[in-house]
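The data block below is run28.txt; it holds compact mmCIF, C-alpha atoms and all ligand atoms.
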```
# COMPACT_ATOMS: atom_id res chain seq x y z
CA MET A 1260 2.14 31.30 -8.35
CA ARG A 1261 4.14 30.47 -11.47
CA TRP A 1262 1.16 28.81 -13.13
CA LYS A 1263 -1.37 31.50 -12.40
CA GLN A 1264 -1.71 32.81 -15.94
CA ARG A 1265 -1.37 29.57 -17.83
CA TYR A 1266 -4.39 27.54 -16.91
CA GLY A 1267 -7.11 29.85 -18.06
CA TRP A 1268 -9.95 27.39 -17.76
CA ILE A 1269 -9.64 26.97 -14.01
CA GLY A 1270 -9.35 30.70 -13.61
CA LEU A 1271 -12.37 31.17 -15.81
CA LEU A 1272 -14.44 28.73 -13.77
CA THR A 1273 -13.24 30.28 -10.56
CA ALA A 1274 -14.12 33.73 -11.80
CA MET A 1275 -17.55 32.58 -12.96
CA ALA A 1276 -18.32 30.78 -9.77
CA MET A 1277 -16.91 33.33 -7.40
CA GLY A 1278 -17.93 36.42 -9.29
CA SER A 1279 -14.37 37.67 -9.14
CA ALA A 1280 -11.68 38.31 -11.72
CA MET A 1281 -9.17 36.25 -9.77
CA ALA A 1282 -7.23 33.54 -11.58
CA THR A 1283 -6.37 30.29 -9.86
CA THR A 1284 -3.75 30.10 -7.16
CA ALA A 1285 -2.98 27.66 -4.44
CA ALA A 1286 -4.76 29.99 -2.03
CA PRO A 1287 -8.52 29.43 -1.67
CA PRO A 1288 -10.70 32.03 -3.40
CA LYS A 1289 -11.94 34.96 -1.34
CA GLY A 1290 -15.62 35.69 -0.96
CA ASP A 1291 -18.91 34.00 -0.17
CA VAL A 1292 -20.70 31.29 -2.11
CA LEU A 1293 -24.18 30.03 -1.27
CA LEU A 1294 -24.85 26.52 -2.56
CA VAL A 1295 -28.53 25.60 -2.95
CA PRO A 1296 -29.09 21.94 -3.86
CA ASP A 1297 -32.32 19.99 -3.29
CA ARG A 1298 -30.74 18.09 -0.39
CA VAL A 1299 -27.60 18.15 1.77
CA TRP A 1300 -25.99 14.96 3.14
CA THR A 1301 -23.57 16.22 5.77
CA ALA A 1302 -22.04 12.88 6.97
CA ASP A 1303 -23.41 13.66 10.46
CA GLY A 1304 -26.16 11.05 10.62
CA ASP A 1305 -27.53 8.99 7.77
CA ALA A 1306 -30.36 10.98 6.16
CA ALA A 1307 -30.08 13.77 3.60
CA HIS A 1308 -31.74 17.06 4.58
CA THR A 1309 -34.23 18.43 2.08
CA GLY A 1310 -34.27 22.19 1.62
CA TRP A 1311 -30.86 22.85 3.18
CA ALA A 1312 -28.14 25.15 1.88
CA VAL A 1313 -24.40 25.56 2.50
CA LEU A 1314 -22.50 28.84 2.81
CA VAL A 1315 -18.79 28.92 1.95
CA HIS A 1316 -16.61 31.84 3.06
CA ASP A 1317 -12.98 32.17 1.85
CA GLY A 1318 -12.72 28.43 1.16
CA VAL A 1319 -14.18 27.37 4.50
CA ILE A 1320 -17.66 26.06 5.26
CA ALA A 1321 -19.31 28.90 7.20
CA ALA A 1322 -22.85 27.57 7.70
CA VAL A 1323 -25.11 24.64 6.84
CA GLY A 1324 -28.82 24.27 7.57
CA PRO A 1325 -32.36 25.00 6.31
CA VAL A 1326 -32.05 27.54 3.49
CA ASP A 1327 -33.99 30.26 5.37
CA THR A 1328 -31.63 30.02 8.36
CA VAL A 1329 -28.37 30.32 6.38
CA LYS A 1330 -27.61 34.03 6.27
CA ALA A 1331 -25.56 34.83 3.19
CA PRO A 1332 -24.09 38.33 2.63
CA ALA A 1333 -25.86 40.31 -0.09
CA ASN A 1334 -22.90 40.02 -2.46
CA ALA A 1335 -22.58 36.23 -2.10
CA GLN A 1336 -22.44 34.19 -5.29
CA ARG A 1337 -25.48 31.89 -5.38
CA ILE A 1338 -25.11 28.52 -7.14
CA ALA A 1339 -28.36 26.64 -7.66
CA LEU A 1340 -28.01 22.88 -7.91
CA PRO A 1341 -31.55 21.70 -8.71
CA GLY A 1342 -32.23 17.98 -8.62
CA THR A 1343 -29.03 17.22 -6.71
CA THR A 1344 -27.74 16.12 -3.33
CA LEU A 1345 -24.69 17.93 -1.95
CA THR A 1346 -22.20 15.74 -0.06
CA PRO A 1347 -18.73 16.20 1.39
CA GLY A 1348 -16.07 15.74 -1.31
CA LEU A 1349 -15.50 12.00 -1.60
CA ILE A 1350 -12.33 10.19 -0.52
CA ASP A 1351 -10.72 7.10 -2.05
CA LEU A 1352 -8.11 5.60 0.27
CA HIS A 1353 -6.53 3.24 -2.25
CA SER A 1354 -5.61 4.60 -5.66
CA HIS A 1355 -2.76 4.22 -8.15
CA LEU A 1356 -2.65 7.33 -10.34
CA PHE A 1357 0.38 5.82 -12.11
CA LEU A 1358 -1.53 2.76 -13.34
CA HIS A 1359 -4.25 2.39 -15.94
CA PRO A 1360 -6.60 -0.55 -16.53
CA TYR A 1361 -4.96 -3.93 -17.09
CA ASN A 1362 -7.22 -4.71 -20.05
CA GLU A 1363 -5.55 -1.75 -21.79
CA THR A 1364 -1.99 -2.72 -20.83
CA LEU A 1365 -0.90 -5.52 -18.50
CA TRP A 1366 0.76 -4.40 -15.26
CA ASN A 1367 4.13 -5.92 -16.29
CA ASP A 1368 4.07 -3.99 -19.57
CA GLN A 1369 3.14 -0.70 -17.87
CA VAL A 1370 6.05 -1.01 -15.43
CA LEU A 1371 8.57 -2.35 -17.98
CA LYS A 1372 7.72 -0.40 -21.12
CA GLU A 1373 6.08 2.92 -20.26
CA PRO A 1374 8.63 5.71 -19.59
CA GLN A 1375 8.25 7.42 -16.23
CA ASP A 1376 7.75 10.79 -17.99
CA TYR A 1377 4.78 9.37 -19.90
CA ARG A 1378 3.35 7.78 -16.77
CA THR A 1379 3.59 11.09 -14.93
CA LEU A 1380 1.62 12.86 -17.67
CA GLU A 1381 -0.93 10.07 -17.49
CA ALA A 1382 -1.13 10.49 -13.73
CA ALA A 1383 -1.94 14.19 -14.20
CA ALA A 1384 -4.81 13.31 -16.53
CA HIS A 1385 -6.00 10.67 -14.04
CA ALA A 1386 -5.92 13.21 -11.20
CA ARG A 1387 -8.17 15.53 -13.17
CA ALA A 1388 -10.65 12.74 -14.00
CA THR A 1389 -10.76 11.81 -10.31
CA LEU A 1390 -11.51 15.34 -9.14
CA MET A 1391 -14.22 15.85 -11.77
CA ALA A 1392 -15.89 12.65 -10.49
CA GLY A 1393 -16.39 14.30 -7.09
CA PHE A 1394 -13.38 12.72 -5.35
CA THR A 1395 -11.51 15.56 -3.67
CA THR A 1396 -9.02 13.42 -1.72
CA LEU A 1397 -6.91 10.39 -2.62
CA ARG A 1398 -4.49 8.26 -0.68
CA ASP A 1399 -2.28 7.02 -3.53
CA LEU A 1400 -0.63 3.78 -2.44
CA GLY A 1401 2.50 3.48 -4.52
CA THR A 1402 3.77 4.58 -7.91
CA GLU A 1403 4.46 0.98 -9.08
CA GLY A 1404 7.90 1.62 -10.48
CA ALA A 1405 7.55 5.37 -11.13
CA GLY A 1406 9.80 6.35 -8.23
CA PHE A 1407 8.87 9.49 -6.33
CA ALA A 1408 6.85 11.02 -9.19
CA ASP A 1409 3.70 11.06 -7.01
CA VAL A 1410 5.35 13.74 -4.86
CA SER A 1411 5.61 15.94 -7.97
CA ILE A 1412 1.98 15.29 -8.95
CA LYS A 1413 0.92 16.28 -5.43
CA ARG A 1414 3.03 19.44 -5.62
CA ALA A 1415 1.64 20.41 -9.04
CA ILE A 1416 -1.91 19.99 -7.70
CA ASP A 1417 -1.16 21.95 -4.52
CA GLU A 1418 0.35 24.79 -6.56
CA GLY A 1419 -2.68 24.98 -8.85
CA MET A 1420 -0.68 23.90 -11.90
CA ILE A 1421 -3.02 20.98 -12.63
CA PRO A 1422 -6.49 20.13 -11.27
CA GLY A 1423 -6.60 17.16 -8.94
CA PRO A 1424 -7.60 15.88 -5.52
CA ARG A 1425 -5.78 16.46 -2.25
CA MET A 1426 -3.05 13.81 -2.31
CA PHE A 1427 -1.64 11.62 0.43
CA VAL A 1428 1.19 9.73 -1.24
CA ALA A 1429 3.22 6.63 -0.44
CA THR A 1430 6.03 6.96 -3.07
CA ARG A 1431 7.75 3.65 -3.92
CA ALA A 1432 6.25 1.21 -1.32
CA ILE A 1433 8.33 -1.47 0.41
CA VAL A 1434 8.53 -5.15 -0.53
CA ALA A 1435 10.69 -8.13 0.43
CA THR A 1436 13.57 -8.94 -1.95
CA ASP A 1437 12.44 -10.68 -5.15
CA SER A 1438 8.84 -10.97 -3.89
CA TYR A 1439 7.17 -8.43 -6.19
CA GLY A 1440 6.98 -7.90 -9.94
CA PRO A 1441 7.97 -7.56 -12.64
CA GLY A 1442 9.38 -11.09 -12.28
CA PRO A 1443 11.83 -12.41 -11.40
CA ARG A 1444 9.77 -15.55 -12.00
CA GLY A 1445 8.96 -15.88 -15.67
CA PHE A 1446 11.94 -13.83 -16.84
CA ARG A 1447 15.55 -14.77 -17.74
CA PRO A 1448 17.39 -14.95 -14.41
CA ASP A 1449 20.25 -12.79 -15.72
CA LEU A 1450 17.95 -9.81 -16.43
CA ASP A 1451 18.16 -6.84 -14.07
CA LEU A 1452 14.51 -5.74 -14.04
CA PRO A 1453 13.18 -2.43 -12.70
CA GLY A 1454 11.19 -3.02 -9.52
CA GLY A 1455 7.52 -2.20 -8.95
CA ALA A 1456 8.53 -1.22 -5.38
CA GLN A 1457 11.62 -0.83 -3.16
CA GLU A 1458 13.08 -4.18 -2.11
CA ILE A 1459 14.47 -4.80 1.35
CA SER A 1460 15.89 -7.68 3.37
CA GLY A 1461 16.55 -7.28 7.06
CA VAL A 1462 15.69 -4.78 9.74
CA ASP A 1463 18.42 -2.30 8.78
CA GLU A 1464 17.22 -2.08 5.19
CA ALA A 1465 13.63 -1.80 6.40
CA ILE A 1466 14.54 1.22 8.52
CA ARG A 1467 16.61 2.75 5.73
CA ALA A 1468 13.88 2.37 3.09
CA THR A 1469 11.26 3.87 5.41
CA ARG A 1470 13.49 6.87 6.14
CA GLU A 1471 14.35 7.31 2.46
CA GLN A 1472 10.72 7.30 1.40
CA ALA A 1473 9.69 9.61 4.23
CA GLY A 1474 12.58 11.93 3.40
CA HIS A 1475 11.54 12.08 -0.25
CA GLY A 1476 7.96 13.07 0.60
CA ALA A 1477 5.91 9.99 1.53
CA ASP A 1478 2.88 10.89 3.69
CA TRP A 1479 2.15 7.21 4.33
CA ILE A 1480 4.46 4.20 4.19
CA LYS A 1481 3.08 1.25 2.22
CA LEU A 1482 4.41 -2.26 2.75
CA TYR A 1483 3.54 -5.61 1.21
CA ALA A 1484 2.98 -8.20 3.95
CA ASP A 1485 2.38 -10.99 1.44
CA TYR A 1486 2.43 -11.74 -2.25
CA ARG A 1487 2.25 -14.63 -4.70
CA VAL A 1488 5.62 -16.11 -3.69
CA GLY A 1489 4.58 -19.68 -2.84
CA ALA A 1490 6.33 -22.44 -4.78
CA ASP A 1491 2.92 -23.13 -6.36
CA GLY A 1492 2.23 -19.43 -6.97
CA SER A 1493 0.06 -19.14 -3.84
CA THR A 1494 -0.01 -15.99 -1.70
CA GLN A 1495 2.37 -16.32 1.26
CA PRO A 1496 3.84 -13.89 3.81
CA THR A 1497 6.89 -12.00 2.54
CA LEU A 1498 8.27 -9.47 5.04
CA SER A 1499 9.04 -10.93 8.47
CA LEU A 1500 7.31 -9.68 11.60
CA ALA A 1501 10.62 -8.08 12.67
CA GLU A 1502 10.98 -6.27 9.32
CA MET A 1503 7.41 -4.99 9.44
CA LYS A 1504 7.80 -3.85 13.06
CA ALA A 1505 10.94 -1.94 12.06
CA ILE A 1506 9.04 -0.21 9.25
CA VAL A 1507 6.09 0.61 11.51
CA ASP A 1508 8.26 1.91 14.38
CA THR A 1509 10.36 4.06 12.02
CA ALA A 1510 7.30 5.45 10.24
CA HIS A 1511 5.43 6.15 13.48
CA LEU A 1512 8.45 7.91 15.01
CA SER A 1513 8.24 10.39 12.13
CA GLY A 1514 4.45 10.77 12.51
CA ARG A 1515 3.59 8.71 9.44
CA PRO A 1516 1.01 5.92 9.39
CA VAL A 1517 1.55 2.60 7.59
CA ALA A 1518 -0.70 0.82 5.10
CA ALA A 1519 -0.21 -2.90 4.46
CA HIS A 1520 -1.09 -4.81 1.35
CA ALA A 1521 -2.17 -8.19 2.78
CA SER A 1522 -4.57 -10.75 1.39
CA SER A 1523 -3.69 -14.04 3.11
CA ASP A 1524 -4.92 -14.74 6.63
CA GLU A 1525 -1.35 -15.09 7.94
CA GLY A 1526 -0.16 -11.97 6.10
CA VAL A 1527 -2.98 -9.87 7.54
CA ARG A 1528 -2.41 -11.26 11.05
CA LEU A 1529 1.34 -10.51 10.99
CA ALA A 1530 0.78 -6.99 9.64
CA VAL A 1531 -1.78 -6.19 12.35
CA GLU A 1532 0.58 -7.59 15.00
CA ALA A 1533 3.35 -5.41 13.60
CA GLY A 1534 1.11 -2.40 14.26
CA VAL A 1535 0.16 -1.18 10.77
CA ASP A 1536 -2.64 1.37 10.57
CA SER A 1537 -4.60 -0.05 7.64
CA ILE A 1538 -5.00 -3.38 5.87
CA GLU A 1539 -5.55 -3.32 2.11
CA HIS A 1540 -7.52 -6.14 0.40
CA GLY A 1541 -7.69 -8.69 3.28
CA TYR A 1542 -9.62 -11.14 1.10
CA GLY A 1543 -8.39 -14.28 2.87
CA ALA A 1544 -8.57 -13.00 6.45
CA SER A 1545 -10.47 -15.20 8.90
CA GLU A 1546 -13.06 -14.02 11.39
CA ALA A 1547 -10.47 -14.40 14.18
CA THR A 1548 -8.06 -12.16 12.25
CA PHE A 1549 -10.73 -9.50 11.63
CA ARG A 1550 -11.36 -9.56 15.40
CA LEU A 1551 -7.68 -8.69 15.77
CA LEU A 1552 -8.18 -5.66 13.47
CA LYS A 1553 -11.12 -4.61 15.60
CA GLN A 1554 -9.05 -4.96 18.82
CA HIS A 1555 -6.12 -2.99 17.42
CA GLY A 1556 -8.30 -0.35 15.77
CA THR A 1557 -6.74 -1.20 12.41
CA ALA A 1558 -8.69 0.16 9.43
CA TYR A 1559 -9.69 -2.01 6.49
CA GLU A 1560 -9.96 -1.09 2.80
CA PRO A 1561 -11.76 -3.94 0.99
CA THR A 1562 -10.87 -3.03 -2.67
CA LEU A 1563 -13.87 -4.99 -3.96
CA THR A 1564 -13.71 -3.28 -7.34
CA ALA A 1565 -10.16 -4.48 -8.04
CA VAL A 1566 -11.44 -8.04 -7.76
CA GLU A 1567 -14.48 -7.32 -9.91
CA ALA A 1568 -12.38 -5.57 -12.56
CA THR A 1569 -9.81 -8.37 -12.82
CA ALA A 1570 -12.70 -10.86 -13.06
CA GLN A 1571 -14.02 -8.82 -16.00
CA TYR A 1572 -10.63 -8.69 -17.72
CA PHE A 1573 -9.44 -12.24 -17.16
CA GLU A 1574 -12.43 -14.41 -16.16
CA HIS A 1575 -15.15 -13.19 -18.55
CA TYR A 1576 -17.21 -11.81 -15.66
CA VAL A 1577 -20.02 -9.45 -16.74
CA PRO A 1578 -21.46 -7.24 -13.95
CA GLY A 1579 -25.16 -7.80 -13.46
CA GLN A 1580 -25.12 -10.94 -15.63
CA SER A 1581 -22.49 -13.46 -14.50
CA GLU A 1582 -22.33 -15.36 -11.24
CA PRO A 1583 -19.64 -13.81 -9.01
CA THR A 1584 -16.29 -15.58 -9.45
CA ALA A 1585 -14.64 -17.55 -6.63
CA ARG A 1586 -12.31 -14.61 -5.93
CA MET A 1587 -15.24 -12.19 -5.81
CA LYS A 1588 -17.06 -14.47 -3.35
CA GLU A 1589 -13.94 -14.64 -1.19
CA ALA A 1590 -13.69 -10.82 -1.16
CA GLU A 1591 -17.40 -10.52 -0.34
CA ARG A 1592 -17.05 -12.97 2.57
CA ALA A 1593 -14.16 -10.94 4.02
CA PHE A 1594 -16.10 -7.70 3.63
CA ARG A 1595 -19.25 -9.08 5.26
CA THR A 1596 -17.18 -10.49 8.14
CA ALA A 1597 -15.49 -7.13 8.78
CA LEU A 1598 -18.84 -5.33 8.54
CA LYS A 1599 -20.49 -7.73 11.00
CA LEU A 1600 -17.67 -7.30 13.53
CA GLY A 1601 -17.68 -3.51 13.33
CA VAL A 1602 -14.17 -3.16 11.90
CA THR A 1603 -13.48 0.40 10.66
CA ILE A 1604 -14.04 0.12 6.91
CA GLY A 1605 -12.72 2.87 4.64
CA ASN A 1606 -13.54 3.36 0.99
CA GLY A 1607 -10.49 2.11 -0.92
CA SER A 1608 -10.98 0.85 -4.45
CA ASP A 1609 -7.53 0.15 -5.98
CA VAL A 1610 -8.55 2.43 -8.87
CA GLY A 1611 -5.94 2.30 -11.60
CA VAL A 1612 -6.73 -1.39 -11.94
CA PHE A 1613 -9.92 0.12 -13.38
CA THR A 1614 -10.59 3.51 -14.98
CA HIS A 1615 -9.75 6.67 -13.01
CA GLY A 1616 -12.93 8.65 -12.46
CA ASP A 1617 -14.95 5.44 -11.99
CA ASN A 1618 -14.17 5.53 -8.25
CA TRP A 1619 -17.95 5.43 -7.58
CA ARG A 1620 -17.81 1.68 -8.27
CA GLU A 1621 -16.33 0.88 -4.84
CA PRO A 1622 -19.12 2.46 -2.74
CA ALA A 1623 -21.59 0.80 -5.15
CA ASN A 1624 -19.91 -2.57 -4.60
CA MET A 1625 -19.87 -2.08 -0.84
CA VAL A 1626 -23.65 -1.65 -1.00
CA ARG A 1627 -23.96 -4.70 -3.30
CA ASP A 1628 -22.08 -6.69 -0.63
CA GLY A 1629 -24.07 -5.61 2.41
CA MET A 1630 -23.60 -1.96 3.41
CA THR A 1631 -26.48 0.52 3.37
CA PRO A 1632 -25.97 3.53 1.06
CA PRO A 1633 -25.30 5.85 4.05
CA GLN A 1634 -22.71 3.38 5.43
CA ALA A 1635 -20.90 3.40 2.08
CA LEU A 1636 -21.03 7.22 1.97
CA HIS A 1637 -19.62 7.42 5.50
CA ALA A 1638 -16.80 5.08 4.44
CA ALA A 1639 -15.98 7.54 1.64
CA THR A 1640 -16.25 10.73 3.74
CA ASN A 1641 -15.98 11.11 7.53
CA VAL A 1642 -14.66 7.59 8.20
CA ALA A 1643 -12.01 7.94 5.48
CA ALA A 1644 -11.03 11.37 6.81
CA ARG A 1645 -10.55 9.85 10.28
CA ILE A 1646 -8.36 7.06 8.84
CA LEU A 1647 -6.27 9.83 7.23
CA ARG A 1648 -6.17 11.71 10.59
CA GLN A 1649 -7.72 14.67 8.73
CA GLN A 1650 -11.15 14.73 10.39
CA ASP A 1651 -10.53 18.26 11.66
CA LYS A 1652 -9.94 19.51 8.09
CA PHE A 1653 -12.47 17.75 5.83
CA GLY A 1654 -14.82 14.77 5.47
CA ARG A 1655 -18.10 16.36 6.68
CA ILE A 1656 -20.21 19.38 5.83
CA ALA A 1657 -19.81 21.35 9.03
CA PRO A 1658 -18.72 24.90 9.94
CA ASN A 1659 -14.95 25.53 9.98
CA LEU A 1660 -14.04 22.54 7.78
CA ARG A 1661 -12.43 23.14 4.37
CA ALA A 1662 -14.99 23.53 1.58
CA ASP A 1663 -14.52 20.17 -0.17
CA LEU A 1664 -17.95 19.44 -1.65
CA ALA A 1665 -19.62 17.49 -4.45
CA ALA A 1666 -23.16 17.31 -5.78
CA PHE A 1667 -24.77 14.39 -7.58
CA THR A 1668 -27.99 14.22 -9.55
CA GLY A 1669 -30.50 12.26 -7.45
CA ASP A 1670 -29.73 11.12 -3.91
CA PRO A 1671 -26.82 8.71 -3.30
CA SER A 1672 -27.89 8.32 0.35
CA THR A 1673 -30.84 6.28 -0.95
CA HIS A 1674 -29.49 5.16 -4.38
CA ILE A 1675 -25.73 4.72 -4.22
CA ASP A 1676 -25.45 4.44 -8.03
CA ASP A 1677 -26.34 8.15 -8.21
CA LEU A 1678 -22.62 8.72 -7.46
CA GLN A 1679 -22.19 8.08 -11.19
CA HIS A 1680 -23.69 11.49 -11.92
CA PRO A 1681 -21.53 14.28 -10.44
CA VAL A 1682 -22.55 17.77 -11.51
CA PHE A 1683 -20.66 20.00 -9.08
CA VAL A 1684 -17.21 19.79 -7.49
CA MET A 1685 -15.56 22.26 -5.10
CA LYS A 1686 -12.18 21.69 -3.46
CA ASP A 1687 -10.86 24.09 -0.85
CA GLY A 1688 -13.46 26.62 -2.00
CA THR A 1689 -12.46 26.52 -5.67
CA VAL A 1690 -15.16 25.39 -8.10
CA TYR A 1691 -13.90 22.83 -10.62
CA ARG A 1692 -17.22 21.70 -12.00
CA THR A 1693 -20.67 23.30 -12.09
CA PRO A 1694 -23.85 22.45 -14.03
CA GLN A 1695 -23.58 25.93 -15.59
CA ALA A 1696 -20.03 25.47 -16.89
CA THR A 1697 -18.67 21.96 -16.95
CA PRO A 1698 -15.17 21.90 -18.44
ZN ZN A 1701 -3.19 -1.26 -4.84
```
Since I need it in another form, could you write the structure as structure tokens?
Ligand SMILES: [Zn+2]
Amino acid sequence: MRWKQRYGWIGLLTAMAMGSAMATTAAPPKGDVLLVPDRVWTADGDAAHTGWAVLVHDGVIAAVGPVDTVKAPANAQRIALPGTTLTPGLIDLHSHLFLHPYNETLWNDQVLKEPQDYRTLEAAAHARATLMAGFTTLRDLGTEGAGFADVSIKRAIDEGMIPGPRMFVATRAIVATDSYGPGPRGFRPDLDLPGGAQEISGVDEAIRATREQAGHGADWIKLYADYRVGADGSTQPTLSLAEMKAIVDTAHLSGRPVAAHASSDEGVRLAVEAGVDSIEHGYGASEATFRLLKQHGTAYEPTLTAVEATAQYFEHYVPGQSEPTARMKEAERAFRTALKLGVTIGNGSDVGVFTHGDNWREPANMVRDGMTPPQALHAATNVAARILRQQDKFGRIAPNLRADLAAFTGDPSTHIDDLQHPVFVMKDGTVYRTPQATP
């Protein structure tokens, strides 16, 4: 690897953790590591197991069970994690590495004023913060005007050039003509503004945009089923059913799933009918529409924290002090409805609207709004892995899965807020954070 010699700190950590002199590469480190926390939460079942240990061999989970039953080779590196619970590496299914909080810079100003080069460097820093927080996988749902730069971030992470989570990227995302920002409403009509996503009108353009994005490296296709295009600024459907079907059929032919931004009842219903694989936000969806998700097996990412964060920035909401805002209550109602009906709920936060590395807020909010702590952890591990079609690679602590692991002080399976205190992170067998040597 080109970057092998340059990033000494990862190599140093790897060497310390693995007891080898090997510097970082894209290949998982060789050797055995025995992890000994107080508890292990495997994602099989709901309870954490006290007194369990996990053995990692060449980047793969080799064994998990009571510490006296896990047979580690004599030369295995032993990492003690006292006071912690070890979990699968966490997954956030809705991130924007190319955005930063709107109370720092409004979305319009980020897209219009920040050069793509600068945004890409920011995204690299955000990727690192995410990984250090115990999130080893992200589905990043659109660069918001930064083109295909997410494909480069993913590549740099995969090559070991920069630390970051496993990335599933959507590139530019697809919107209906003049339905997405910046503008055109509110700007001089003769301005040619850069788009926050790729605009299409008609089935042919829908097919073309899907193929272009797939060809340039999109793992998922993201479309916007609705947006604030009503004459009164209300959220209304944007892409037609025929356009969305064309996107879904084209994406599925190439083996790619489709995620739909949709928050109005009609927008969600049309997107589900078009055959998308996940609904993002869904705040305004009715019980009948959530039943449709359940019937179709469509996943749902509630993005509760995006609503909370915008309430903080623009409606003077203070967590733990203020009454929830009307928008927060609407999001909570949707979430509780989906939960009651047994819709597949994945952990997707819309991080980027709020600070990267604070991804723990979404599982915490899911518990605030009615999930048990184990349900929220499942949504961020094995359920999320299944939504990504990666359940055979990661998402649980089980033999033969990749060694994506995190440890948190306390026990998030009983106190979800303990996710705020990561002390250990391993991705694909490489240690990025340990209590002994935190970068
Ligand atoms: Zn988003």
Test item: residues lying within 7 Å of ligand ZN 1701 (chain A) with all atoms listed in the file, as a PDB file with C-alpha atoms, keeping the file's coordinate frame:
```pdb
ATOM      1  CA  HIS A1353      -6.530   3.240  -2.250  1.00  0.00           C
ATOM      2  CA  SER A1354      -5.610   4.600  -5.660  1.00  0.00           C
ATOM      3  CA  HIS A1355      -2.760   4.220  -8.150  1.00  0.00           C
ATOM      4  CA  LEU A1400      -0.630   3.780  -2.440  1.00  0.00           C
ATOM      5  CA  ASP A1609      -7.530   0.150  -5.980  1.00  0.00           C
TER       6      ASP A1609
END
```
Each side padded by 3 Å, which centre and which edge lengths in Å (one decimal) define the axis-aligned box around the listed atoms of stretch 1665-1684 of chain A? Give them as AutoDock Vina command-line options.
```
--center_x -24.0 --center_y 12.2 --center_z -5.8 --size_x 19.6 --size_y 21.6 --size_z 18.3
```
Self-check item: Who sits within 9 Å of stretch 1507-1515 of chain A, all atoms listed in the file, same chain under 3 positions skipped, as a PyMOL selection string
Solution: chain A and resi 1465-1467+1469-1470+1473+1477-1480+1502-1504+1533-1536
Just C-alpha atoms for this one: save the residues we selected as a PDB file, in the coordinates of the input.
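What landed in selection02.pdb:
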```
ATOM      1  CA  ALA A1465      13.630  -1.800   6.400  1.00  0.00           C
ATOM      2  CA  ILE A1466      14.540   1.220   8.520  1.00  0.00           C
ATOM      3  CA  ARG A1467      16.610   2.750   5.730  1.00  0.00           C
ATOM      4  CA  THR A1469      11.260   3.870   5.410  1.00  0.00           C
ATOM      5  CA  ARG A1470      13.490   6.870   6.140  1.00  0.00           C
ATOM      6  CA  ALA A1473       9.690   9.610   4.230  1.00  0.00           C
ATOM      7  CA  ALA A1477       5.910   9.990   1.530  1.00  0.00           C
ATOM      8  CA  ASP A1478       2.880  10.890   3.690  1.00  0.00           C
ATOM      9  CA  TRP A1479       2.150   7.210   4.330  1.00  0.00           C
ATOM     10  CA  ILE A1480       4.460   4.200   4.190  1.00  0.00           C
ATOM     11  CA  GLU A1502      10.980  -6.270   9.320  1.00  0.00           C
ATOM     12  CA  MET A1503       7.410  -4.990   9.440  1.00  0.00           C
ATOM     13  CA  LYS A1504       7.800  -3.850  13.060  1.00  0.00           C
ATOM     14  CA  ALA A1533       3.350  -5.410  13.600  1.00  0.00           C
ATOM     15  CA  GLY A1534       1.110  -2.400  14.260  1.00  0.00           C
ATOM     16  CA  VAL A1535       0.160  -1.180  10.770  1.00  0.00           C
ATOM     17  CA  ASP A1536      -2.640   1.370  10.570  1.00  0.00           C
TER      18      ASP A1536
END
```
Quiz prompt | Atom-to-atom span, atom CA of A:Lys1652 and atom CA of A:Gly1688, Å | solution =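 Separating atom CA of A:Lys1652 from atom CA of A:Gly1688 is a distance of 12.8 Å.
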Practice problem: Find the residues near A:Gly1348: any atom within 12 Å, counting all atoms listed in the file, skip ones fewer than 5 places away on the same chain, and give them as a VMD selection string. | Solution: chain A and resid 1300 to 1302 1389 to 1397 1424 to 1425 1636 to 1637 1639 to 1641 1643 to 1644 1652 to 1656 1660 to 1667 1678 1681 1683 to 1688 1690 to 1691
Residues within 7 Å of (-25.9, 34.1, 5.4), counting all atoms listed in the file, listed as an mmCIF file with C-alpha atoms, keeping the file's coordinate frame:
```cif
data_model
loop_
_atom_site.group_PDB
_atom_site.id
_atom_site.type_symbol
_atom_site.label_atom_id
_atom_site.label_comp_id
_atom_site.auth_asym_id
_atom_site.auth_seq_id
_atom_site.Cartn_x
_atom_site.Cartn_y
_atom_site.Cartn_z
ATOM 1 C CA LEU A 1314 -22.500 28.840 2.810
ATOM 2 C CA VAL A 1329 -28.370 30.320 6.380
ATOM 3 C CA LYS A 1330 -27.610 34.030 6.270
ATOM 4 C CA ALA A 1331 -25.560 34.830 3.190
ATOM 5 C CA PRO A 1332 -24.090 38.330 2.630
#
```
Practice problem: Between A:Gln1336, A:Trp1619, A:Gly1310, A:Gln1554, single out the one closest to A:His1680, counting only C-alpha atoms. | Solution: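 Of all the options, A:Trp1619 lies closest to A:His1680.
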Quiz item: If you measure from atom CA of A:Pro1347 to atom CA of A:Pro1694, what distance in Å do you get, rounded to one decimal?
Solution: 17.4 Å
Quiz item: Which polymer residues have any atom within 9 Å of an atom of stretch 1426-1432 of chain A, counting all atoms listed in the file, with same-chain residues fewer than 4 positions away left out, as a PyMOL selection string?
Solution: chain A and resi 1352+1395-1410+1412-1414+1416-1417+1455-1458+1468-1469+1472-1473+1475-1483+1518+1647
